[in-house]
Amino acid sequence: MGWLVVSCLAVVVPVSALLVWTDPGAPPSLSGRLTAVWRSSAETLRLGAVDGTPLRMLLAALLGLVALLCVSTLVGVITTGLAERLAELSRGRSTVLEEGHAVVLGWSDQVFTVVAELVAAQVPHRPRAVVLLADVDKTEMERALAAHVGPSGRTRLICRSGPASDPGVLALVSPRTARTVLVLPSGEPTADAEVLRTLLALRAVLGEDAEGPPVLAAVRDDQYRAAARLAAGPRGTVLETDTVTARLIAQCVRRPGLSLVLRDLLDFAGDEFHLADADAFHGRPFGAALLGHAGACVVGLLTPQGRTLLNPPADTAITPGSRLIILARDEEAARPEDCRHLVERPVIATAPPHPEDAAHVLLLGWNRRAPLVVDQLRRTARPGSVLDVVTDRSVPTPAREPEPEPSGASRLSVRFQSAALSRPETLLGFDFTPYDGTVVLGPDPGDGPDRPDDRTLVTLLALRLVEERTGRQLRVVTELTDDRNRPLAPLDPGSDVIVSGELTGLLMAQIAQNRHLAAVFDELFSADGSTICLRPAGHYVCPGSVTTFATVVAAARDRGECAIGYRRHDRRATPPDHGVRLNPHKAERREWSPDDQVIVVATDPPTPPTPGPPIPNPTREDAPPAHHREHASD
């Protein structure tokens, strides 16, 4: 544009000077003539304003044509330049100038859950902008986010296109000034390796700066977890999605309704975990803090050294600098308020709870998470439990059979059997009477032409037909890969449905707001330590009594547990909460039915782990010819 202006003036000014100097009526002074040159140059398009000799008319026409050519050329240059700039912006290759934003690297099914939860977070924790970088077209990302997430309110969603493992591209999203960085795994077989490359690229951009933003990543395979932790650095947190999903599936087998509690607990629509000051309880035992808040439930401590204590003993001293881990809607609900006067001791149950019996579980289907599920069931099973695994392809026998225990009693007996699960008549011939619970797993993506959830839905349809024919309701725990298939699943309302991608997204969104919660969720989902349990209300208060929730909290404290809510039996089939009520007010009074359940953070009675053989993971290459085979392992 600059050269075009210079070229235009190089023609217009000399021609205008010739017009003035050849005009008999031109001013005699030099300043007057220069003024006339300026006026003539400014009116180049007014061809009819010049008269006189033919030479003057020709010069005026030449001046008008040159001006017309320059103006049209200038319009074309501006239009082309703007179009190229807009096209460059639409490709998502411009630098993001933000501070305190959340950076999401990668594109997968979890991205919609993560972005939606970051947008729905409470105002103090909500980022002003969420920046997404993925090797996907920018326009496609914006359309997908608009369709799945909806209006983002005051939070701006900014998309950039390019490989996140390229340090040059990664620098476009300004990770140095970000509040947090999340790295999502894709659905491809090489997803974990791509996460590792992205973490290394992020390390190259941030350098060894210890003051960089916290980094949260997720991998599927345990073999990448150690390397990902090293690449993420000291402020990094790495989740192993397959292990978390397997742990939750195993816990839901023993505790029906747990997935509903965790779904309510992990999203930002209601109550979630926060950190609160413990100044009012310094020098007092932890048990005193359980009844020290009317609108929040205390579940643990964060020590001054950064150690997380979930459901510590009631006599644990709260030292200066400690913080309380609470379940509340926001930090404002953590204002101390003595609720001891709300406790009604006469209605607290005194009878010891009945110990859990051995379980008989049926596992239908097999995928890469199935060995982890079996291992988790083995770690938490009561002695004498049995697990029957039915797959549509044979599971190879372990290299050696385990040696029998001296006592003759095994923790868990695992028996494998191959059958055509894709045919409903196969399940119709099974006897489901001895089973306490049924787990349905779909195949891994890419194991066949169908989508994984298609096979799962076929199995669930067959189970529904079994229920109709036998008149017996089955306890089913189902794993799905797409949350959109949840309404299609033919299950009873309130059944446990685990959507692995959604679970990962919810966890990452929670930890992104407060990285100290990583240790809390790691213990809640592990087989050891404190977990979330649903236990009969009769363990805490006399059945049929009308009393406050503070009384339930006091009864749970006497048993070494932290009560955080309840589930009403008469609303189990009523959406959307299915009877789950988290963090009720301590003064809330209600009649406690014998079928109601109290939601507590508790430690199961410790049972020493029993070593077992490695759980085989069948593949198409190592699977023997399909035939009916059954074997047992301790």
# chains A, B, ... in the order shown; residues from 1 in each chain; ligands from 1
>>> select_by_dssp(residues="segment 199-246 of chain A", states="helix (DSSP H, G or I)", output="PyMOL selection string")
chain A and resi 199-206+222-232+241-246
>>> residues_around(residues="segment 558-572 of chain A", least_positions_apart="2", cutoff="8 Å", atoms="only C-alpha atoms", output="ChimeraX atom specification")
/A:290,297-299,311,313-314,327,493-494,534,552-556,574,578-584,593,595-603
>>> residues_around(residues="Gln513 of chain A", least_positions_apart="3", cutoff="12 Å", atoms="only C-alpha atoms", output="PyMOL selection string")
chain A and resi 101-102+114+117-127+179-182+213-216+266-268+272-275+506-510+516-518
>>> write_last_selection(atoms="N, CA and C atoms", output="mmCIF file, in the first residue's frame")
data_model
loop_
_atom_site.group_PDB
_atom_site.id
_atom_site.type_symbol
_atom_site.label_atom_id
_atom_site.label_comp_id
_atom_site.auth_asym_id
_atom_site.auth_seq_id
_atom_site.Cartn_x
_atom_site.Cartn_y
_atom_site.Cartn_z
ATOM 1 N N HIS A 101 -5.378 -17.721 32.105
ATOM 2 C CA HIS A 101 -6.319 -18.537 31.356
ATOM 3 C C HIS A 101 -6.019 -20.022 31.567
ATOM 4 N N ALA A 102 -6.945 -20.867 31.183
ATOM 5 C CA ALA A 102 -6.764 -22.315 31.228
ATOM 6 C C ALA A 102 -6.439 -22.806 29.833
ATOM 7 N N VAL A 114 -14.523 -31.320 30.103
ATOM 8 C CA VAL A 114 -13.560 -30.438 30.767
ATOM 9 C C VAL A 114 -13.952 -28.978 30.572
ATOM 10 N N GLU A 117 -17.175 -28.027 32.475
ATOM 11 C CA GLU A 117 -16.985 -27.903 33.922
ATOM 12 C C GLU A 117 -16.179 -26.656 34.269
ATOM 13 N N LEU A 118 -15.191 -26.306 33.457
ATOM 14 C CA LEU A 118 -14.442 -25.075 33.710
ATOM 15 C C LEU A 118 -15.345 -23.853 33.575
ATOM 16 N N VAL A 119 -16.264 -23.889 32.632
ATOM 17 C CA VAL A 119 -17.204 -22.779 32.465
ATOM 18 C C VAL A 119 -18.189 -22.732 33.619
ATOM 19 N N ALA A 120 -18.584 -23.907 34.126
ATOM 20 C CA ALA A 120 -19.583 -23.964 35.199
ATOM 21 C C ALA A 120 -18.994 -23.773 36.583
ATOM 22 N N ALA A 121 -17.674 -23.658 36.702
ATOM 23 C CA ALA A 121 -17.049 -23.501 38.013
ATOM 24 C C ALA A 121 -17.531 -22.226 38.690
ATOM 25 N N GLN A 122 -17.403 -22.198 40.007
ATOM 26 C CA GLN A 122 -17.805 -21.015 40.763
ATOM 27 C C GLN A 122 -16.945 -19.825 40.346
ATOM 28 N N VAL A 123 -17.467 -18.627 40.519
ATOM 29 C CA VAL A 123 -16.825 -17.419 40.017
ATOM 30 C C VAL A 123 -15.372 -17.270 40.468
ATOM 31 N N PRO A 124 -14.997 -17.506 41.739
ATOM 32 C CA PRO A 124 -13.587 -17.328 42.112
ATOM 33 C C PRO A 124 -12.644 -18.273 41.373
ATOM 34 N N HIS A 125 -13.144 -19.432 40.915
ATOM 35 C CA HIS A 125 -12.292 -20.421 40.272
ATOM 36 C C HIS A 125 -12.456 -20.430 38.756
ATOM 37 N N ARG A 126 -13.412 -19.680 38.233
ATOM 38 C CA ARG A 126 -13.690 -19.754 36.806
ATOM 39 C C ARG A 126 -12.643 -18.963 36.028
ATOM 40 N N PRO A 127 -11.994 -19.578 35.038
ATOM 41 C CA PRO A 127 -11.024 -18.824 34.234
ATOM 42 C C PRO A 127 -11.721 -17.840 33.313
ATOM 43 N N ARG A 179 -3.031 -20.081 33.942
ATOM 44 C CA ARG A 179 -3.304 -20.473 35.320
ATOM 45 C C ARG A 179 -3.109 -21.967 35.505
ATOM 46 N N THR A 180 -3.457 -22.755 34.508
ATOM 47 C CA THR A 180 -3.293 -24.197 34.552
ATOM 48 C C THR A 180 -3.254 -24.718 33.124
ATOM 49 N N VAL A 181 -2.616 -25.881 32.942
ATOM 50 C CA VAL A 181 -2.491 -26.519 31.635
ATOM 51 C C VAL A 181 -2.978 -27.959 31.767
ATOM 52 N N LEU A 182 -3.890 -28.358 30.888
ATOM 53 C CA LEU A 182 -4.431 -29.713 30.889
ATOM 54 C C LEU A 182 -4.075 -30.393 29.572
ATOM 55 N N PRO A 213 2.953 -22.769 35.441
ATOM 56 C CA PRO A 213 1.597 -23.170 35.833
ATOM 57 C C PRO A 213 1.543 -24.653 36.171
ATOM 58 N N PRO A 214 0.604 -25.072 37.026
ATOM 59 C CA PRO A 214 0.414 -26.502 37.281
ATOM 60 C C PRO A 214 -0.021 -27.219 36.002
ATOM 61 N N VAL A 215 0.497 -28.414 35.797
ATOM 62 C CA VAL A 215 0.215 -29.196 34.604
ATOM 63 C C VAL A 215 -0.527 -30.468 35.024
ATOM 64 N N LEU A 216 -1.622 -30.759 34.344
ATOM 65 C CA LEU A 216 -2.423 -31.947 34.621
ATOM 66 C C LEU A 216 -2.572 -32.723 33.326
ATOM 67 N N LEU A 266 -18.435 -34.792 41.504
ATOM 68 C CA LEU A 266 -17.370 -34.314 40.641
ATOM 69 C C LEU A 266 -17.769 -33.128 39.775
ATOM 70 N N ASP A 267 -19.053 -32.967 39.472
ATOM 71 C CA ASP A 267 -19.404 -31.831 38.624
ATOM 72 C C ASP A 267 -19.539 -30.577 39.476
ATOM 73 N N PHE A 268 -19.563 -29.433 38.797
ATOM 74 C CA PHE A 268 -19.620 -28.140 39.479
ATOM 75 C C PHE A 268 -21.047 -27.621 39.619
ATOM 76 N N GLU A 272 -18.996 -29.594 45.882
ATOM 77 C CA GLU A 272 -17.731 -30.231 45.546
ATOM 78 C C GLU A 272 -16.720 -29.963 46.651
ATOM 79 N N PHE A 273 -15.561 -30.576 46.546
ATOM 80 C CA PHE A 273 -14.541 -30.435 47.573
ATOM 81 C C PHE A 273 -13.866 -29.065 47.469
ATOM 82 N N HIS A 274 -13.591 -28.486 48.644
ATOM 83 C CA HIS A 274 -12.871 -27.215 48.753
ATOM 84 C C HIS A 274 -11.908 -27.310 49.927
ATOM 85 N N LEU A 275 -11.008 -26.345 49.995
ATOM 86 C CA LEU A 275 -10.121 -26.198 51.138
ATOM 87 C C LEU A 275 -10.563 -24.984 51.930
ATOM 88 N N LEU A 506 -14.328 -35.022 34.258
ATOM 89 C CA LEU A 506 -14.757 -34.437 35.524
ATOM 90 C C LEU A 506 -13.607 -34.374 36.527
ATOM 91 N N LEU A 507 -12.824 -35.442 36.592
ATOM 92 C CA LEU A 507 -11.688 -35.459 37.509
ATOM 93 C C LEU A 507 -10.677 -34.375 37.150
ATOM 94 N N MET A 508 -10.371 -34.246 35.865
ATOM 95 C CA MET A 508 -9.377 -33.257 35.447
ATOM 96 C C MET A 508 -9.869 -31.838 35.717
ATOM 97 N N ALA A 509 -11.156 -31.592 35.524
ATOM 98 C CA ALA A 509 -11.688 -30.258 35.794
ATOM 99 C C ALA A 509 -11.606 -29.935 37.283
ATOM 100 N N GLN A 510 -11.891 -30.904 38.143
ATOM 101 C CA GLN A 510 -11.816 -30.669 39.585
ATOM 102 C C GLN A 510 -10.380 -30.400 40.022
ATOM 103 N N HIS A 516 -4.407 -29.764 44.954
ATOM 104 C CA HIS A 516 -4.341 -30.537 46.195
ATOM 105 C C HIS A 516 -5.406 -31.638 46.236
ATOM 106 N N LEU A 517 -6.444 -31.506 45.397
ATOM 107 C CA LEU A 517 -7.496 -32.513 45.394
ATOM 108 C C LEU A 517 -7.068 -33.792 44.696
ATOM 109 N N ALA A 518 -5.927 -33.776 43.988
ATOM 110 C CA ALA A 518 -5.462 -34.988 43.309
ATOM 111 C C ALA A 518 -5.242 -36.113 44.311
#
>>> residues_around(residues="Ala527 of chain A", least_positions_apart="4", cutoff="9 Å", atoms="only C-alpha atoms", output="list in words")
Arg247, Gln251, Gln376, Leu377, Arg379, Thr380, Glu523 and Thr531 of chain A
>>> select_by_dssp(residues="segment 298-528 of chain A", states="strand (DSSP E)", output="PyMOL selection string")
chain A and resi 298-302+308-310+323-328+360-364+385-391+412-418+437-440+476-480+496-499
>>> residues_around(residues="segment 435-440 of chain A", least_positions_apart="4", cutoff="9 Å", atoms="only C-alpha atoms", output="NGL selection string")
:A and (249-250 or 253-254 or 359-366 or 431 or 456 or 459-460 or 474-479)
>>> write_last_selection(atoms="N, CA, C and O atoms", output="PDB file, in the first residue's frame")
ATOM      1  N   ILE A 249     -15.377 -49.112  38.720  1.00  0.00           N
ATOM      2  CA  ILE A 249     -16.236 -50.243  38.374  1.00  0.00           C
ATOM      3  C   ILE A 249     -16.244 -51.262  39.505  1.00  0.00           C
ATOM      4  O   ILE A 249     -17.297 -51.771  39.915  1.00  0.00           O
ATOM      5  N   ALA A 250     -15.055 -51.565  40.032  1.00  0.00           N
ATOM      6  CA  ALA A 250     -14.966 -52.542  41.115  1.00  0.00           C
ATOM      7  C   ALA A 250     -15.678 -52.050  42.368  1.00  0.00           C
ATOM      8  O   ALA A 250     -16.332 -52.837  43.077  1.00  0.00           O
ATOM      9  N   VAL A 253     -19.515 -52.393  42.130  1.00  0.00           N
ATOM     10  CA  VAL A 253     -20.031 -53.750  42.304  1.00  0.00           C
ATOM     11  C   VAL A 253     -20.425 -53.976  43.753  1.00  0.00           C
ATOM     12  O   VAL A 253     -21.457 -54.588  44.053  1.00  0.00           O
ATOM     13  N   ARG A 254     -19.615 -53.474  44.679  1.00  0.00           N
ATOM     14  CA  ARG A 254     -19.885 -53.660  46.107  1.00  0.00           C
ATOM     15  C   ARG A 254     -20.827 -52.604  46.660  1.00  0.00           C
ATOM     16  O   ARG A 254     -21.474 -52.832  47.684  1.00  0.00           O
ATOM     17  N   ALA A 359     -18.989 -62.356  48.032  1.00  0.00           N
ATOM     18  CA  ALA A 359     -19.822 -61.985  46.885  1.00  0.00           C
ATOM     19  C   ALA A 359     -19.572 -62.932  45.725  1.00  0.00           C
ATOM     20  O   ALA A 359     -18.493 -63.510  45.581  1.00  0.00           O
ATOM     21  N   HIS A 360     -20.601 -63.069  44.904  1.00  0.00           N
ATOM     22  CA  HIS A 360     -20.518 -63.861  43.677  1.00  0.00           C
ATOM     23  C   HIS A 360     -20.852 -62.919  42.525  1.00  0.00           C
ATOM     24  O   HIS A 360     -21.992 -62.473  42.390  1.00  0.00           O
ATOM     25  N   VAL A 361     -19.850 -62.590  41.694  1.00  0.00           N
ATOM     26  CA  VAL A 361     -19.973 -61.552  40.673  1.00  0.00           C
ATOM     27  C   VAL A 361     -19.792 -62.178  39.299  1.00  0.00           C
ATOM     28  O   VAL A 361     -18.978 -63.101  39.114  1.00  0.00           O
ATOM     29  N   LEU A 362     -20.547 -61.667  38.324  1.00  0.00           N
ATOM     30  CA  LEU A 362     -20.451 -62.106  36.937  1.00  0.00           C
ATOM     31  C   LEU A 362     -19.902 -60.957  36.100  1.00  0.00           C
ATOM     32  O   LEU A 362     -20.427 -59.838  36.153  1.00  0.00           O
ATOM     33  N   LEU A 363     -18.856 -61.218  35.329  1.00  0.00           N
ATOM     34  CA  LEU A 363     -18.250 -60.229  34.441  1.00  0.00           C
ATOM     35  C   LEU A 363     -18.481 -60.658  33.004  1.00  0.00           C
ATOM     36  O   LEU A 363     -18.025 -61.730  32.581  1.00  0.00           O
ATOM     37  N   LEU A 364     -19.212 -59.844  32.231  1.00  0.00           N
ATOM     38  CA  LEU A 364     -19.528 -60.132  30.841  1.00  0.00           C
ATOM     39  C   LEU A 364     -18.718 -59.210  29.946  1.00  0.00           C
ATOM     40  O   LEU A 364     -18.845 -57.985  30.031  1.00  0.00           O
ATOM     41  N   GLY A 365     -17.881 -59.771  29.080  1.00  0.00           N
ATOM     42  CA  GLY A 365     -17.076 -58.983  28.161  1.00  0.00           C
ATOM     43  C   GLY A 365     -15.643 -58.848  28.644  1.00  0.00           C
ATOM     44  O   GLY A 365     -15.309 -59.175  29.793  1.00  0.00           O
ATOM     45  N   TRP A 366     -14.797 -58.359  27.740  1.00  0.00           N
ATOM     46  CA  TRP A 366     -13.372 -58.227  28.052  1.00  0.00           C
ATOM     47  C   TRP A 366     -12.774 -57.113  27.210  1.00  0.00           C
ATOM     48  O   TRP A 366     -13.073 -56.977  26.021  1.00  0.00           O
ATOM     49  N   ASP A 431     -27.881 -68.993  34.460  1.00  0.00           N
ATOM     50  CA  ASP A 431     -28.598 -68.923  35.744  1.00  0.00           C
ATOM     51  C   ASP A 431     -27.999 -67.768  36.540  1.00  0.00           C
ATOM     52  O   ASP A 431     -26.879 -67.842  37.042  1.00  0.00           O
ATOM     53  N   THR A 456     -22.192 -53.468  23.868  1.00  0.00           N
ATOM     54  CA  THR A 456     -22.675 -53.327  25.244  1.00  0.00           C
ATOM     55  C   THR A 456     -24.193 -53.214  25.282  1.00  0.00           C
ATOM     56  O   THR A 456     -24.859 -53.826  26.134  1.00  0.00           O
ATOM     57  N   THR A 459     -25.820 -56.595  24.858  1.00  0.00           N
ATOM     58  CA  THR A 459     -25.767 -57.376  26.093  1.00  0.00           C
ATOM     59  C   THR A 459     -26.798 -56.885  27.102  1.00  0.00           C
ATOM     60  O   THR A 459     -27.463 -57.681  27.782  1.00  0.00           O
ATOM     61  N   LEU A 460     -26.941 -55.569  27.212  1.00  0.00           N
ATOM     62  CA  LEU A 460     -27.909 -55.018  28.160  1.00  0.00           C
ATOM     63  C   LEU A 460     -29.334 -55.365  27.765  1.00  0.00           C
ATOM     64  O   LEU A 460     -30.204 -55.594  28.631  1.00  0.00           O
ATOM     65  N   LEU A 474     -31.737 -57.456  38.331  1.00  0.00           N
ATOM     66  CA  LEU A 474     -30.300 -57.690  38.375  1.00  0.00           C
ATOM     67  C   LEU A 474     -29.572 -56.399  38.725  1.00  0.00           C
ATOM     68  O   LEU A 474     -29.948 -55.311  38.264  1.00  0.00           O
ATOM     69  N   ARG A 475     -28.541 -56.523  39.534  1.00  0.00           N
ATOM     70  CA  ARG A 475     -27.670 -55.384  39.835  1.00  0.00           C
ATOM     71  C   ARG A 475     -26.580 -55.344  38.780  1.00  0.00           C
ATOM     72  O   ARG A 475     -25.713 -56.220  38.709  1.00  0.00           O
ATOM     73  N   VAL A 476     -26.636 -54.308  37.925  1.00  0.00           N
ATOM     74  CA  VAL A 476     -25.753 -54.234  36.765  1.00  0.00           C
ATOM     75  C   VAL A 476     -24.885 -52.989  36.862  1.00  0.00           C
ATOM     76  O   VAL A 476     -25.377 -51.897  37.173  1.00  0.00           O
ATOM     77  N   VAL A 477     -23.595 -53.165  36.618  1.00  0.00           N
ATOM     78  CA  VAL A 477     -22.646 -52.062  36.487  1.00  0.00           C
ATOM     79  C   VAL A 477     -22.143 -52.082  35.052  1.00  0.00           C
ATOM     80  O   VAL A 477     -21.582 -53.092  34.606  1.00  0.00           O
ATOM     81  N   THR A 478     -22.351 -51.000  34.336  1.00  0.00           N
ATOM     82  CA  THR A 478     -22.063 -50.952  32.902  1.00  0.00           C
ATOM     83  C   THR A 478     -21.018 -49.896  32.597  1.00  0.00           C
ATOM     84  O   THR A 478     -21.050 -48.808  33.177  1.00  0.00           O
ATOM     85  N   GLU A 479     -20.133 -50.229  31.680  1.00  0.00           N
ATOM     86  CA  GLU A 479     -19.154 -49.263  31.187  1.00  0.00           C
ATOM     87  C   GLU A 479     -19.536 -48.850  29.767  1.00  0.00           C
ATOM     88  O   GLU A 479     -19.743 -49.703  28.890  1.00  0.00           O
TER      89      GLU A 479
END
>>> residues_around(residues="Leu105 of chain A", least_positions_apart="2", cutoff="9 Å", atoms="only C-alpha atoms", output="short mmCIF file (atom, residue, chain, number, x, y, z; two decimals) with all heavy atoms, in the first residue's frame")
data_model
loop_
_atom_site.label_atom_id
_atom_site.label_comp_id
_atom_site.auth_asym_id
_atom_site.auth_seq_id
_atom_site.Cartn_x
_atom_site.Cartn_y
_atom_site.Cartn_z
N VAL A 103 -5.38 -23.59 29.71
CA VAL A 103 -4.95 -24.12 28.43
C VAL A 103 -5.30 -25.61 28.38
O VAL A 103 -4.92 -26.37 29.27
CB VAL A 103 -3.44 -23.92 28.22
CG1 VAL A 103 -2.98 -24.59 26.93
CG2 VAL A 103 -3.11 -22.43 28.18
N TRP A 107 -7.46 -33.09 21.70
CA TRP A 107 -8.88 -33.13 21.34
C TRP A 107 -9.38 -34.57 21.48
O TRP A 107 -8.84 -35.49 20.86
CB TRP A 107 -9.07 -32.64 19.91
CG TRP A 107 -10.51 -32.46 19.53
CD1 TRP A 107 -11.29 -33.34 18.85
CD2 TRP A 107 -11.34 -31.33 19.80
NE1 TRP A 107 -12.56 -32.84 18.69
CE2 TRP A 107 -12.61 -31.60 19.26
CE3 TRP A 107 -11.13 -30.13 20.45
CZ2 TRP A 107 -13.65 -30.71 19.34
CZ3 TRP A 107 -12.18 -29.23 20.54
CH2 TRP A 107 -13.42 -29.51 19.99
N VAL A 131 -8.41 -21.72 26.51
CA VAL A 131 -7.74 -21.78 25.22
C VAL A 131 -7.50 -23.25 24.88
O VAL A 131 -6.91 -23.99 25.67
CB VAL A 131 -6.41 -21.01 25.24
CG1 VAL A 131 -5.75 -21.05 23.87
CG2 VAL A 131 -6.64 -19.57 25.67
N LEU A 132 -7.95 -23.67 23.71
CA LEU A 132 -7.80 -25.04 23.26
C LEU A 132 -6.84 -25.09 22.08
O LEU A 132 -6.95 -24.28 21.14
CB LEU A 132 -9.15 -25.65 22.86
CG LEU A 132 -10.19 -25.78 23.96
CD1 LEU A 132 -11.15 -24.60 23.91
CD2 LEU A 132 -10.98 -27.07 23.81
N LEU A 133 -5.91 -26.01 22.13
CA LEU A 133 -4.96 -26.23 21.03
C LEU A 133 -5.00 -27.70 20.66
O LEU A 133 -4.76 -28.58 21.50
CB LEU A 133 -3.54 -25.84 21.46
CG LEU A 133 -2.43 -26.17 20.45
CD1 LEU A 133 -2.65 -25.41 19.14
CD2 LEU A 133 -1.06 -25.84 21.03
N ALA A 134 -5.32 -27.98 19.39
CA ALA A 134 -5.38 -29.35 18.91
C ALA A 134 -5.13 -29.33 17.41
O ALA A 134 -5.30 -28.30 16.74
CB ALA A 134 -6.73 -30.00 19.22
N ALA A 164 0.03 -29.99 19.24
CA ALA A 164 0.47 -29.50 20.56
C ALA A 164 1.86 -30.00 20.91
O ALA A 164 2.49 -29.46 21.83
CB ALA A 164 -0.53 -29.96 21.63
N LEU A 170 2.98 -24.66 20.22
CA LEU A 170 2.54 -24.61 21.62
C LEU A 170 2.73 -23.21 22.21
O LEU A 170 1.94 -22.79 23.07
CB LEU A 170 3.30 -25.64 22.43
CG LEU A 170 2.89 -25.83 23.89
CD1 LEU A 170 1.43 -26.20 24.00
CD2 LEU A 170 3.76 -26.89 24.55
N VAL A 181 -2.62 -25.88 32.94
CA VAL A 181 -2.49 -26.52 31.63
C VAL A 181 -2.98 -27.96 31.77
O VAL A 181 -2.54 -28.69 32.66
CB VAL A 181 -1.04 -26.49 31.12
CG1 VAL A 181 -0.95 -27.19 29.77
CG2 VAL A 181 -0.53 -25.06 31.00
N LEU A 182 -3.89 -28.36 30.89
CA LEU A 182 -4.43 -29.71 30.89
C LEU A 182 -4.08 -30.39 29.57
O LEU A 182 -4.27 -29.80 28.50
CB LEU A 182 -5.95 -29.72 31.07
CG LEU A 182 -6.51 -29.13 32.38
CD1 LEU A 182 -6.78 -27.64 32.23
CD2 LEU A 182 -7.79 -29.83 32.79
N VAL A 183 -3.57 -31.61 29.65
CA VAL A 183 -3.19 -32.39 28.47
C VAL A 183 -4.11 -33.60 28.40
O VAL A 183 -4.09 -34.46 29.29
CB VAL A 183 -1.71 -32.83 28.52
CG1 VAL A 183 -1.33 -33.55 27.24
CG2 VAL A 183 -0.80 -31.63 28.75
N LEU A 184 -4.92 -33.68 27.33
CA LEU A 184 -5.91 -34.74 27.20
C LEU A 184 -5.41 -35.81 26.25
O LEU A 184 -4.81 -35.50 25.22
CB LEU A 184 -7.24 -34.17 26.66
CG LEU A 184 -7.87 -33.03 27.45
CD1 LEU A 184 -9.17 -32.62 26.79
CD2 LEU A 184 -8.13 -33.44 28.89
N PRO A 185 -5.68 -37.09 26.55
CA PRO A 185 -5.33 -38.15 25.61
C PRO A 185 -6.40 -38.29 24.54
O PRO A 185 -7.60 -38.11 24.80
CB PRO A 185 -5.28 -39.40 26.50
CG PRO A 185 -6.27 -39.11 27.59
CD PRO A 185 -6.25 -37.61 27.81
N THR A 198 3.73 -34.17 24.07
CA THR A 198 3.18 -32.85 24.39
C THR A 198 3.78 -32.31 25.69
O THR A 198 4.10 -31.12 25.80
CB THR A 198 1.65 -32.93 24.49
OG1 THR A 198 1.11 -33.39 23.25
CG2 THR A 198 1.06 -31.57 24.81
#
>>> closest_residue(among="A:Leu97, A:Ala67, A:Val546, A:Leu427", to="Val15 of chain A", atoms="only C-alpha atoms")
A:Ala67
>>> atom_distance(atom1="atom CA of Glu140 of chain A", atom2="atom CA of Val104 of chain A")
16.0 Å
>>> atom_distance(atom1="atom CA of Pro175 of chain A", atom2="atom CA of Thr504 of chain A")
22.1 Å
>>> closest_residue(among="A:Asp388, A:Glu591, A:Asp492, A:Asp528", to="Val541 of chain A", atoms="only C-alpha atoms")
A:Glu591
>>> residues_around(residues="segment 18-23 of chain A", least_positions_apart="3", cutoff="7 Å", atoms="only C-alpha atoms", output="PyMOL selection string")
chain A and resi 14-15+26+33+36-37+56
>>> closest_residue(among="A:Ala227, A:Ala289, A:Ala328, A:Leu491", to="Pro312 of chain A", atoms="only C-alpha atoms")
A:Ala289
>>> closest_residue(among="A:Val389, A:Ala191, A:Ala573, A:Val13", to="Val219 of chain A", atoms="only C-alpha atoms")
A:Ala191
>>> decode(residues="segment 304-315 of chain A", atoms="C-alpha atoms", output="mmCIF file, in the first residue's frame")
data_model
loop_
_atom_site.group_PDB
_atom_site.id
_atom_site.type_symbol
_atom_site.label_atom_id
_atom_site.label_comp_id
_atom_site.auth_asym_id
_atom_site.auth_seq_id
_atom_site.Cartn_x
_atom_site.Cartn_y
_atom_site.Cartn_z
ATOM 1 C CA PRO A 304 1.157 -27.544 56.729
ATOM 2 C CA GLN A 305 3.627 -29.903 55.007
ATOM 3 C CA GLY A 306 1.130 -30.458 52.160
ATOM 4 C CA ARG A 307 0.119 -33.977 53.213
ATOM 5 C CA THR A 308 -3.496 -34.983 52.660
ATOM 6 C CA LEU A 309 -5.242 -36.863 55.490
ATOM 7 C CA LEU A 310 -8.623 -38.180 54.414
ATOM 8 C CA ASN A 311 -10.908 -39.278 57.266
ATOM 9 C CA PRO A 312 -8.164 -39.205 59.910
ATOM 10 C CA PRO A 313 -8.857 -40.503 63.447
ATOM 11 C CA ALA A 314 -11.183 -38.252 65.405
ATOM 12 C CA ASP A 315 -8.482 -37.467 67.970
#
